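Below is the file run_4.txt, which contains compact mmCIF, C-alpha atoms.
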```txt
# COMPACT_ATOMS: atom_id res chain seq x y z
CA MET Q 173 17.17 -3.78 -5.34
CA SER Q 174 18.72 -4.28 -1.91
CA GLU Q 175 20.70 -1.53 -0.22
CA PRO Q 176 24.48 -2.19 -0.54
CA ARG Q 177 26.25 -2.54 2.78
CA ARG Q 178 29.54 -1.12 4.10
CA PRO Q 179 32.31 -3.63 4.93
CA ASP Q 180 32.95 -2.53 8.50
CA GLY Q 181 31.60 -3.06 11.99
CA VAL Q 182 28.94 -5.74 12.37
CA ASP Q 183 28.57 -5.88 8.58
CA ALA Q 184 31.91 -7.71 8.47
CA VAL Q 185 30.86 -10.43 10.95
CA PRO Q 186 30.37 -13.64 8.90
CA GLU Q 187 27.16 -14.72 10.67
CA TYR Q 188 25.49 -11.40 9.87
CA VAL Q 189 26.89 -11.35 6.35
CA VAL Q 190 25.32 -14.77 5.71
CA ALA Q 191 21.98 -13.53 7.06
CA HIS Q 192 22.03 -10.35 4.97
CA VAL Q 193 23.03 -12.16 1.78
CA HIS Q 194 20.34 -14.80 2.33
CA GLU Q 195 17.69 -12.13 2.91
CA ALA Q 196 18.77 -10.17 -0.17
CA LEU Q 197 18.73 -13.26 -2.40
CA ALA Q 198 15.19 -14.04 -1.20
CA THR Q 199 13.81 -10.53 -1.73
CA ASP Q 200 15.83 -8.83 -4.49
CA PRO Q 201 13.78 -8.97 -7.73
CA ARG Q 202 16.90 -9.93 -9.68
CA VAL Q 203 17.01 -13.29 -7.85
CA MET Q 204 14.04 -13.74 -5.47
CA GLU Q 205 14.98 -17.27 -4.47
CA GLN Q 206 14.60 -18.42 -0.88
CA GLY Q 207 16.27 -21.80 -1.32
CA ILE Q 208 19.87 -20.66 -1.81
CA GLU Q 209 22.31 -21.92 0.79
CA VAL Q 210 24.80 -19.28 1.87
CA VAL Q 211 27.99 -20.08 3.76
CA ALA Q 212 30.80 -17.70 4.82
CA THR Q 213 34.13 -19.44 5.08
CA GLY Q 214 37.29 -17.43 5.67
CA GLY Q 215 36.91 -14.35 3.50
CA THR Q 216 34.63 -16.01 0.97
CA VAL Q 217 30.85 -16.22 0.68
CA VAL Q 218 29.77 -19.44 -1.05
CA LEU Q 219 26.38 -19.75 -2.79
CA MET Q 220 24.90 -23.24 -3.30
CA GLY Q 221 21.64 -24.71 -4.52
CA ARG Q 222 19.52 -24.58 -7.69
CA VAL Q 223 18.19 -21.59 -9.61
CA PHE Q 224 15.98 -21.46 -12.66
CA SER Q 225 18.08 -19.50 -15.16
CA GLN Q 226 21.56 -18.33 -16.00
CA GLY Q 227 20.32 -14.77 -15.42
CA GLN Q 228 19.34 -15.64 -11.84
CA HIS Q 229 22.66 -17.43 -11.37
CA ASP Q 230 24.68 -14.42 -12.44
CA ALA Q 231 22.51 -11.91 -10.58
CA ALA Q 232 23.02 -13.90 -7.36
CA SER Q 233 26.73 -13.03 -7.44
CA GLU Q 234 25.95 -9.33 -7.88
CA VAL Q 235 23.42 -9.30 -5.05
CA ALA Q 236 25.73 -11.24 -2.74
CA GLN Q 237 28.66 -8.93 -3.49
CA GLU Q 238 26.56 -5.87 -2.67
CA GLN Q 239 25.76 -7.34 0.74
CA ALA Q 240 29.28 -8.65 1.39
CA PRO Q 241 31.65 -6.06 -0.09
CA GLY Q 242 34.64 -7.23 1.93
CA PHE Q 243 34.25 -10.85 0.88
CA ALA Q 244 35.04 -12.82 -2.26
CA ILE Q 245 31.99 -14.52 -3.80
CA ARG Q 246 32.10 -18.13 -4.95
CA ASN Q 247 29.00 -18.93 -6.98
CA ASP Q 248 28.46 -22.70 -6.93
CA LEU Q 249 24.77 -22.41 -7.87
CA GLU Q 250 23.46 -24.97 -10.32
CA VAL Q 251 21.15 -23.84 -13.12
CA LEU Q 252 18.13 -26.13 -13.34
CA ASP Q 253 18.47 -28.55 -16.22
CA HIS Q 254 15.49 -29.51 -18.37
CA PRO Q 255 15.54 -33.22 -19.22
CA SER Q 256 13.18 -34.18 -22.00
CA PRO Q 257 9.66 -35.21 -20.97
CA PRO Q 258 7.68 -37.29 -20.34
CA GLY Q 259 9.89 -38.79 -17.58
CA PRO Q 260 8.99 -41.68 -15.25
CA VAL Q 261 5.47 -42.44 -14.01
CA GLU Q 262 4.55 -43.35 -10.45
CA GLN Q 263 1.65 -45.77 -10.57
CA LEU Q 264 -0.58 -45.42 -7.51
CA ARG Q 265 -2.62 -48.48 -6.77
CA MET A 259 -6.87 -44.78 -15.46
CA ILE A 260 -6.24 -41.12 -14.64
CA ARG A 261 -2.93 -39.67 -15.80
CA VAL A 262 -1.85 -36.70 -13.71
CA ALA A 263 1.03 -34.35 -14.44
CA ALA A 264 1.99 -32.14 -11.52
CA VAL A 265 4.57 -29.54 -10.66
CA GLY A 266 5.00 -26.66 -8.23
CA ASP A 267 7.45 -23.80 -8.01
CA ILE A 268 7.79 -23.08 -11.70
CA HIS A 269 8.53 -19.43 -10.79
CA VAL A 270 7.76 -17.94 -14.19
CA GLY A 271 9.41 -14.53 -14.49
CA GLU A 272 9.17 -11.86 -17.14
CA GLU A 273 11.79 -13.55 -19.31
CA PRO A 274 10.81 -16.49 -21.56
CA ASP A 275 10.89 -20.03 -20.19
CA ASP A 276 10.94 -21.92 -23.48
CA ALA A 277 11.69 -25.32 -21.95
CA LEU A 278 8.64 -25.14 -19.67
CA ALA A 279 6.41 -23.89 -22.48
CA GLU A 280 7.56 -26.67 -24.80
CA ASP A 281 7.10 -29.38 -22.16
CA PHE A 282 3.60 -28.19 -21.19
CA ALA A 283 2.59 -27.94 -24.85
CA GLY A 284 3.48 -31.62 -25.24
CA LEU A 285 1.38 -32.83 -22.30
CA GLY A 286 -1.48 -34.10 -24.44
CA GLY A 287 0.31 -37.34 -25.16
CA CYS A 288 1.06 -38.30 -21.58
CA ALA A 289 -1.41 -36.65 -19.18
CA ASP A 290 -5.14 -36.00 -18.72
CA VAL A 291 -4.72 -33.04 -16.38
CA LEU A 292 -1.99 -30.68 -15.17
CA LEU A 293 -1.99 -29.75 -11.49
CA LEU A 294 0.09 -26.74 -10.40
CA ALA A 295 1.16 -26.60 -6.74
CA GLY A 296 1.79 -22.88 -6.27
CA ASP A 297 4.68 -20.44 -6.74
CA LEU A 298 3.70 -20.18 -10.37
CA THR A 299 5.35 -16.75 -10.72
CA ARG A 300 8.54 -15.25 -9.35
CA CYS A 301 6.86 -12.46 -7.41
CA GLY A 302 3.23 -12.26 -8.54
CA THR A 303 3.27 -9.30 -10.94
CA ARG A 304 0.78 -8.87 -13.75
CA ALA A 305 3.55 -9.17 -16.35
CA GLU A 306 4.67 -12.51 -14.92
CA ALA A 307 1.07 -13.74 -14.74
CA ALA A 308 0.57 -12.76 -18.38
CA ARG A 309 3.61 -14.75 -19.44
CA LEU A 310 2.43 -17.73 -17.41
CA ALA A 311 -1.04 -17.44 -18.92
CA SER A 312 0.38 -17.53 -22.43
CA ILE A 313 2.17 -20.80 -21.57
CA LEU A 314 -0.93 -22.35 -20.00
CA GLU A 315 -3.19 -21.22 -22.83
CA ALA A 316 -1.18 -23.49 -25.13
CA THR A 317 -1.32 -26.44 -22.72
CA PRO A 318 -3.59 -29.08 -24.28
CA VAL A 319 -5.05 -30.54 -21.05
CA PRO A 320 -7.17 -28.99 -18.27
CA VAL A 321 -5.07 -27.04 -15.75
CA VAL A 322 -5.93 -26.77 -12.05
CA ALA A 323 -3.78 -24.57 -9.82
CA VAL A 324 -3.28 -23.18 -6.35
CA LEU A 325 -1.13 -20.13 -5.68
CA GLY A 326 1.96 -19.98 -3.49
CA ASN A 327 3.70 -17.38 -1.36
CA HIS A 328 5.64 -15.98 -4.34
CA ASP A 329 2.35 -15.34 -6.15
CA HIS A 330 1.27 -13.16 -3.21
CA HIS A 331 4.44 -11.06 -2.97
CA ALA A 332 3.35 -8.18 -5.25
CA ASP A 333 -0.08 -7.99 -3.55
CA ARG A 334 -1.80 -8.48 -6.91
CA VAL A 335 -3.43 -11.84 -6.31
CA ASP A 336 -6.71 -10.87 -7.95
CA GLU A 337 -4.92 -9.83 -11.14
CA VAL A 338 -2.89 -13.05 -11.19
CA VAL A 339 -6.06 -15.11 -10.77
CA ASP A 340 -7.86 -13.09 -13.46
CA CYS A 341 -5.00 -13.66 -15.91
CA LEU A 342 -5.05 -17.41 -15.33
CA GLU A 343 -8.84 -17.80 -15.35
CA ALA A 344 -8.99 -15.85 -18.62
CA VAL A 345 -7.15 -18.71 -20.35
CA GLY A 346 -9.27 -21.41 -18.73
CA VAL A 347 -7.15 -22.32 -15.70
CA THR A 348 -9.11 -23.34 -12.60
CA VAL A 349 -7.53 -21.55 -9.62
CA LEU A 350 -8.50 -22.98 -6.25
CA GLU A 351 -8.29 -21.40 -2.80
CA GLY A 352 -10.63 -23.36 -0.60
CA GLY A 353 -12.63 -24.50 -3.59
CA THR A 354 -12.95 -27.72 -5.51
CA THR A 355 -13.31 -28.93 -9.06
CA VAL A 356 -14.30 -32.26 -10.60
CA LEU A 357 -13.07 -33.55 -13.96
CA GLU A 358 -14.35 -36.59 -15.81
CA ILE A 359 -11.49 -38.60 -17.24
CA ASP A 360 -11.86 -41.92 -19.03
CA GLY A 361 -15.14 -42.70 -17.25
CA THR A 362 -13.74 -41.85 -13.81
CA THR A 363 -14.27 -38.64 -11.88
CA LEU A 364 -11.29 -36.85 -10.37
CA GLY A 365 -11.99 -34.33 -7.64
CA VAL A 366 -9.40 -31.75 -6.63
CA ALA A 367 -9.57 -29.67 -3.45
CA GLY A 368 -7.01 -26.88 -3.42
CA VAL A 369 -5.60 -24.42 -0.92
CA LYS A 370 -2.30 -22.59 -0.67
CA GLY A 371 -1.82 -23.81 2.88
CA PHE A 372 0.51 -22.06 5.29
CA GLY A 373 3.11 -22.69 7.99
CA GLY A 374 3.18 -23.37 11.69
CA GLY A 375 5.19 -26.55 11.98
CA PHE A 376 4.53 -30.10 12.97
CA ALA A 377 3.16 -31.87 16.02
CA GLY A 378 5.44 -31.42 19.02
CA ALA A 379 7.34 -28.50 17.48
CA CYS A 380 4.81 -26.04 16.20
CA ALA A 381 3.49 -22.55 16.73
CA SER A 382 0.49 -22.10 19.03
CA ASP A 383 -2.57 -19.88 18.82
CA PHE A 384 -1.30 -17.85 21.78
CA GLY A 385 0.31 -14.56 22.69
CA GLU A 386 0.81 -11.56 20.45
CA PRO A 387 -1.83 -10.72 17.82
CA GLU A 388 0.74 -11.36 15.07
CA MET A 389 1.39 -14.90 16.30
CA LYS A 390 -2.30 -15.65 16.72
CA ALA A 391 -3.00 -14.30 13.22
CA PHE A 392 -0.28 -16.55 11.81
CA VAL A 393 -1.64 -19.71 13.40
CA ARG A 394 -5.28 -18.82 12.78
CA HIS A 395 -4.60 -18.33 9.09
CA THR A 396 -3.30 -21.90 8.92
CA LYS A 397 -6.31 -23.13 10.90
CA ASP A 398 -8.69 -21.35 8.53
CA VAL A 399 -6.96 -22.72 5.44
CA ALA A 400 -6.93 -26.24 6.87
CA GLU A 401 -10.63 -26.02 7.63
CA HIS A 402 -11.36 -24.90 4.06
CA LEU A 403 -9.35 -27.86 2.81
CA ARG A 404 -11.27 -30.28 5.02
CA GLN A 405 -14.60 -28.89 3.90
CA GLY A 406 -13.53 -28.99 0.27
CA LEU A 407 -12.43 -32.61 0.39
CA GLU A 408 -15.58 -33.64 2.26
CA SER A 409 -17.77 -31.91 -0.31
CA LEU A 410 -16.19 -33.70 -3.27
CA ASP A 411 -18.35 -36.31 -4.94
CA ALA A 412 -15.73 -38.04 -7.08
CA ASP A 413 -14.15 -41.45 -7.60
CA ARG A 414 -10.67 -40.13 -6.79
CA ARG A 415 -9.76 -37.14 -4.66
CA ILE A 416 -6.54 -35.16 -4.70
CA ALA A 417 -5.55 -32.44 -2.22
CA LEU A 418 -3.52 -29.78 -4.04
CA LEU A 419 -1.40 -27.51 -1.82
CA HIS A 420 1.65 -25.31 -1.91
CA TYR A 421 2.79 -25.80 1.69
CA SER A 422 3.50 -29.27 3.03
CA PRO A 423 1.19 -31.21 5.35
CA VAL A 424 4.01 -33.46 6.62
CA ALA A 425 7.64 -33.15 7.67
CA ALA A 426 8.74 -36.20 5.64
CA THR A 427 8.74 -34.32 2.33
CA LEU A 428 10.77 -31.49 3.88
CA HIS A 429 13.81 -33.57 4.78
CA GLY A 430 16.78 -31.96 3.09
CA GLU A 431 15.68 -28.48 4.12
CA PRO A 432 17.19 -26.96 7.29
CA LEU A 433 15.23 -28.27 10.28
CA GLU A 434 14.98 -24.73 11.66
CA ILE A 435 12.72 -23.57 8.81
CA PHE A 436 10.24 -26.47 8.86
CA PRO A 437 7.61 -24.27 10.61
CA PHE A 438 7.72 -21.94 7.59
CA LEU A 439 7.28 -24.78 5.13
CA GLY A 440 4.11 -26.45 6.33
CA SER A 441 1.77 -27.49 9.09
CA TYR A 442 0.39 -30.68 10.58
CA LEU A 443 -3.02 -28.97 10.59
CA LEU A 444 -3.18 -29.58 6.83
CA ALA A 445 -2.50 -33.30 7.29
CA GLU A 446 -5.10 -33.51 10.05
CA ALA A 447 -7.69 -31.99 7.72
CA ILE A 448 -6.75 -34.38 4.92
CA ASP A 449 -6.92 -37.40 7.20
CA ALA A 450 -10.27 -36.29 8.59
CA ALA A 451 -11.82 -35.94 5.15
CA GLY A 452 -9.86 -38.59 3.24
CA ALA A 453 -7.97 -38.33 -0.04
CA ASP A 454 -6.11 -40.54 -2.48
CA LEU A 455 -3.10 -38.30 -2.97
CA VAL A 456 -1.64 -35.01 -1.71
CA LEU A 457 0.53 -32.87 -3.96
CA HIS A 458 2.54 -29.89 -2.75
CA GLY A 459 5.62 -27.82 -3.51
CA HIS A 460 7.44 -25.02 -1.63
CA ALA A 461 10.32 -27.17 -0.31
CA HIS A 462 12.88 -26.99 -3.11
CA ARG A 463 15.46 -28.97 -1.16
CA GLY A 464 13.01 -31.39 0.44
CA SER A 465 12.17 -35.00 -0.37
CA GLU A 466 9.73 -36.36 -2.92
CA ARG A 467 7.73 -38.90 -0.93
CA GLY A 468 5.92 -38.93 2.37
CA VAL A 469 2.68 -40.06 3.96
CA THR A 470 0.19 -38.46 6.34
CA PRO A 471 -0.29 -40.00 9.79
CA GLY A 472 -3.55 -41.39 8.40
CA GLY A 473 -1.81 -43.10 5.48
CA VAL A 474 -2.47 -40.75 2.55
CA ARG A 475 0.39 -40.52 0.07
CA VAL A 476 2.14 -37.12 -0.06
CA ARG A 477 4.31 -36.06 -3.00
CA ASN A 478 6.49 -32.94 -3.14
CA VAL A 479 6.53 -31.86 -6.79
CA ALA A 480 8.64 -28.68 -6.45
CA ARG A 481 10.32 -28.24 -9.83
CA PRO A 482 13.85 -27.72 -8.45
CA LEU A 483 13.44 -30.94 -6.47
CA ILE A 484 12.04 -33.18 -9.21
CA GLY A 485 14.48 -31.70 -11.72
CA ARG A 486 12.03 -31.61 -14.63
CA SER A 487 9.00 -29.68 -15.86
CA PHE A 488 6.45 -32.04 -14.28
CA GLN A 489 6.06 -35.30 -12.42
CA ARG A 490 3.65 -37.97 -13.64
CA PHE A 491 1.25 -40.13 -11.67
CA GLU A 492 -1.31 -42.72 -12.72
CA LEU A 493 -4.29 -43.44 -10.49
CA ASP A 494 -6.18 -46.57 -11.38
CA SER A 495 -9.66 -47.68 -10.46
CA ALA A 496 -8.37 -50.10 -7.81
CA LEU A 497 -6.56 -47.42 -5.84
CA VAL A 498 -6.68 -47.89 -2.09
CA SER A 499 -5.47 -44.90 -0.09
```

Starting from the coordinates I provided, produce the structure as structure tokens.
Amino acid sequence: MSEPRRPDGVDAVPEYVVAHVHEALATDPRVMEQGIEVVATGGTVVLMGRVFSQGQHDAASEVAQEQAPGFAIRNDLEVLDHPSPPGPVEQLR
Amino acid sequence: MIRVAAVGDIHVGEEPDDALAEDFAGLGGCADVLLLAGDLTRCGTRAEAARLASILEATPVPVVAVLGNHDHHADRVDEVVDCLEAVGVTVLEGGTTVLEIDGTTLGVAGVKGFGGGFAGACASDFGEPEMKAFVRHTKDVAEHLRQGLESLDADRRIALLHYSPVAATLHGEPLEIFPFLGSYLLAEAIDAAGADLVLHGHAHRGSERGVTPGGVRVRNVARPLIGRSFQRFELDSALVS
């Protein structure tokens, strides 16, 4: 689990908040996803991209909030859908 | 005709992934082999590897895999490999395997790969020990890939990687992180040795199709990118790379 941060000083600067949230999402065992796009706009941190499960989706909000305590969290992550196989074939000739 | 199913970045955790298990269990009707392009687990623990192994044990076609950076995170690579090999999975890191399918031989050379970037905007084997170690690891891996491909005596040859050999299949990712997603050294090795197809993952937000400078098809099969449990390819006897 990542260390929660205090909402003052440099920890309130959006650029650093984005960096800390991104790092925590990549390394915290609850999420561990490097491909999440993190944007800080106004007082809100927005999470975008795809994750594998609803559990990961929900945990991403928790992890982000711990790193950005002075910010609202908007979780726009998409949970990966599973269309039925077999799907299309690429024929290589 | 060789029917290949391929996917990377399945990121199996400790919780069940019923959709993946069900899709892999049904592969017998549509594929001759399953190729896994790394990041098979979320962080490379024994528990995750055991869950993955239980899924692959029920997969009705041969499975060939390389590991990815996630599979290295817990520093238990040997245990992950042992778990997979115990259920019959062929795990490659610099090695090769040949399968006979419908009278045709399919050779697979596999390495994880590594980063460094692409020609004109890449890391150099220069400076601090840490930087030299980074670049030399990629050089070593690329050399193992070249040797593996050259050693394959097979009708069709596939290079199986986790990291990308070209920038084309990374488009969609932030340009700034391209050096952490692949290296031109991998493409150079593939072009030197020759191959019919390159499969990789790692770039979840990348693009599906690319080509090496030497003309070998490259396909990014990262699961979040392809949006399904596997991608399918058919290689016929008239294939020209």

Nearest candidate to chain A (options Q:Pro186, Q:Pro241, Q:Pro257, Q:Gly214; using all atoms listed in the file):
Q:Pro257

Can you pull out every residue within 7 Å of Ile245 (chain Q), counting only C-alpha atoms, but drop anything in the same chain fewer than 4 positions away, and send it as an MDAnalysis selection string?
chainID Q and resid 216:218 233 237

Using C-alpha atoms, can you export the residues from the last selection as a compact mmCIF listing (two decimals), in the frame of the given file?
```
# COMPACT_ATOMS: atom_id res chain seq x y z
CA THR Q 216 34.63 -16.01 0.97
CA VAL Q 217 30.85 -16.22 0.68
CA VAL Q 218 29.77 -19.44 -1.05
CA SER Q 233 26.73 -13.03 -7.44
CA GLN Q 237 28.66 -8.93 -3.49
```

Kindly assemble as a tab-separated table a list of the chain Q residues that lie within 9 Å of region 456-475 of chain A, each paired with its nearest atom pair and their distance in Å to one decimal, using all atoms listed in the file, sorted first by chain and then by ascending residue number.
```
residue	atom	partner	partner_atom	distance
Q:Gly207	CA	A:His462	CA	6.5
Q:Gly221	CA	A:Arg463	CA	8.2
Q:Arg222	CA	A:His462	CA	8.4
```

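Using only C-alpha atoms, the shortest contact distance between chain Q and any of A:Asp336, A:Glu388, A:Asp383, A:Asp454 is found at A:Asp454.
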
Name the residues in contact with Val347 (chain A) at a cut-off of 8 Å, using only C-alpha atoms, excluding same-chain residues fewer than 4 positions from it; report them as a PyMOL selection string.
chain A and resi 314+320-323+342-343

What's the 12 Å shell around Ser409 (chain A), counting all atoms listed in the file, without same-chain residues fewer than 3 positions away, as a list in words?
Gly352, Gly353, Thr354, Thr355, Val356, Gly365, Val366, Ala367, His402, Leu403, Arg404, Gln405, Gly406, Ala412, Arg415, Ala451, Gly452 and Ala453 of chain A

Please determine the contact residues of chain A with respect to chain Q at a cut-off of 9 Å, counting all atoms listed in the file, and supply them as a PyMOL selection string.
chain A and resi 268-269+275+277-278+281+284-285+287-288+300-301+328+431+454-455+461-463+481-483+485-499

Which distance in Å separates CA of Val338 (chain A) and CA of Gly271 (chain A), to one decimal?
12.8 Å

Find the distance between CA of Glu195 (chain Q) and CA of Gln239 (chain Q) and write it in Å to one decimal.
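Between CA of Glu195 (chain Q) and CA of Gln239 (chain Q) the gap is 9.6 Å.
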
Computed interatomic separation between CA of Ala212 (chain Q) and CA of Phe438 (chain A) (Å):
23.6 Å

Just the residues within 12 Å of Asp398 (chain A), please, counting all atoms listed in the file, with nothing from its chain fewer than 2 positions along; format it as a list of chain:residue names.
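Here the answer would be A:Glu351, A:Gly352, A:Val369, A:Lys370, A:Gly371, A:Phe372, A:Gly373, A:Lys390, A:Ala391, A:Phe392, A:Val393, A:Arg394, A:His395, A:Thr396, A:Ala400, A:Glu401, A:His402, A:Leu403, A:Arg404, A:Gln405, A:Leu443, A:Leu444, A:Ala447.
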
Closest of Q:Asp200, Q:Ala184, Q:Val189, Q:Leu249 to Gln226 (chain Q) - atom-to-atom distances counting only C-alpha atoms:
Q:Leu249
